[in-house]
Amino acid sequence: MKLEPIYHITSKTAWDSAQRLGRYSAASLATEGFIHCSTAAQVVATAQRFYAGQRGLVLLVIDPTRLEAEVKYEAGTDKPDELFPHVYGTLNLDAVTRAADFESDSAGGWSLPLP
C-alpha cells in the first residue's frame, strides 16, 4: 500500500542548514517531542493559521515510507477533531522528495506549489 506524502513548512534558512548538517530538526522536536506535519488537504489551512505574513518559506514534501523516525497521526492542539501527521525524531533528508518555495500570494492566500 502506497502512503500519501506528508508536508512540513519551514524557513529556507532552516532547510539550508539541514542540508549542511545532513538532517532536519524543527524546534518543536525539542519542545513537544515531534515535528509537525500536514496532509495535502491540511497544508493551506496550516499556513493560514501559523504562517500568515511570513516570507522565505519552503514546503517539504516527505515520503513517509522513507522516514527513519516514526510517524503518528494525532489530534491537533487547536483542531482536536482532525488528525495531523507528527514525526517523532529528526527528519532524514532522503525522505524529502521535494522542497518547494512556499509563499502566500499578494492577497495573503496560499496554494500548494505542487503539480
# chains A, B, ... in the order shown; residues from 1 in each chain; ligands from 1
>>> closest_atom_pairs(of="region 42-88 of chain A", to="region 11-16 of chain A", cutoff="7 Å", atoms="only C-alpha atoms", output="Markdown table")
| residue | atom | partner | partner_atom | distance |
| --- | --- | --- | --- | --- |
| A:Gly56 | CA | A:Lys12 | CA | 5.6 |
| A:Leu57 | CA | A:Ser11 | CA | 4.3 |
| A:Val58 | CA | A:Lys12 | CA | 5.7 |
>>> residues_around(residues="Tyr88 (chain A)", least_positions_apart="6", cutoff="6 Å", atoms="only C-alpha atoms", output="PyMOL selection string")
chain A and resi 34+69-70
>>> residues_around(residues="Thr97 (chain A)", least_positions_apart="3", cutoff="7 Å", atoms="only C-alpha atoms", output="ChimeraX atom specification")
/A:61-63
>>> select_by_dssp(residues="region 36-109 of chain A", states="alpha helix (DSSP H)", output="JSON, numbers by chain")
{"A": [43, 44, 45, 46, 47, 48, 49, 50]}
>>> write_last_selection(atoms="N, CA and C atoms", output="compact mmCIF listing (two decimals), in the first residue's frame")
# COMPACT_ATOMS: atom_id res chain seq x y z
N VAL A 43 -2.44 21.48 4.42
CA VAL A 43 -1.31 22.42 4.29
C VAL A 43 -1.77 23.87 4.21
N VAL A 44 -2.73 24.16 3.37
CA VAL A 44 -3.16 25.56 3.19
C VAL A 44 -3.72 26.12 4.49
N ALA A 45 -4.58 25.39 5.16
CA ALA A 45 -5.14 25.86 6.43
C ALA A 45 -4.05 26.05 7.49
N THR A 46 -3.08 25.14 7.51
CA THR A 46 -1.95 25.27 8.45
C THR A 46 -1.17 26.54 8.16
N ALA A 47 -0.90 26.80 6.89
CA ALA A 47 -0.17 28.02 6.50
C ALA A 47 -0.95 29.26 6.91
N GLN A 48 -2.26 29.25 6.70
CA GLN A 48 -3.08 30.41 7.06
C GLN A 48 -3.07 30.64 8.57
N ARG A 49 -3.11 29.57 9.35
CA ARG A 49 -3.16 29.70 10.82
C ARG A 49 -1.83 30.11 11.44
N PHE A 50 -0.73 29.57 10.92
CA PHE A 50 0.54 29.73 11.61
C PHE A 50 1.62 30.52 10.86
>>> atom_distance(atom1="CA of Ser25 (chain A)", atom2="CA of Leu91 (chain A)")
6.3 Å
>>> closest_residue(among="A:Phe84, A:Tyr7, A:Tyr24, A:Phe102", to="Arg55 (chain A)", atoms="only C-alpha atoms")
A:Phe102
>>> residues_around(residues="Leu112 (chain A)", least_positions_apart="4", cutoff="10 Å", atoms="only C-alpha atoms", output="MDAnalysis selection string")
chainID A and resid 40:41 43:44 59 100:104
>>> select_by_dssp(residues="chain A", states="strand (DSSP E or B)", output="VMD selection string")
chain A and resid 6 to 11 23 to 24 35 to 36 38 57 to 62 70 to 75 83 to 88 91 to 92 96 to 101
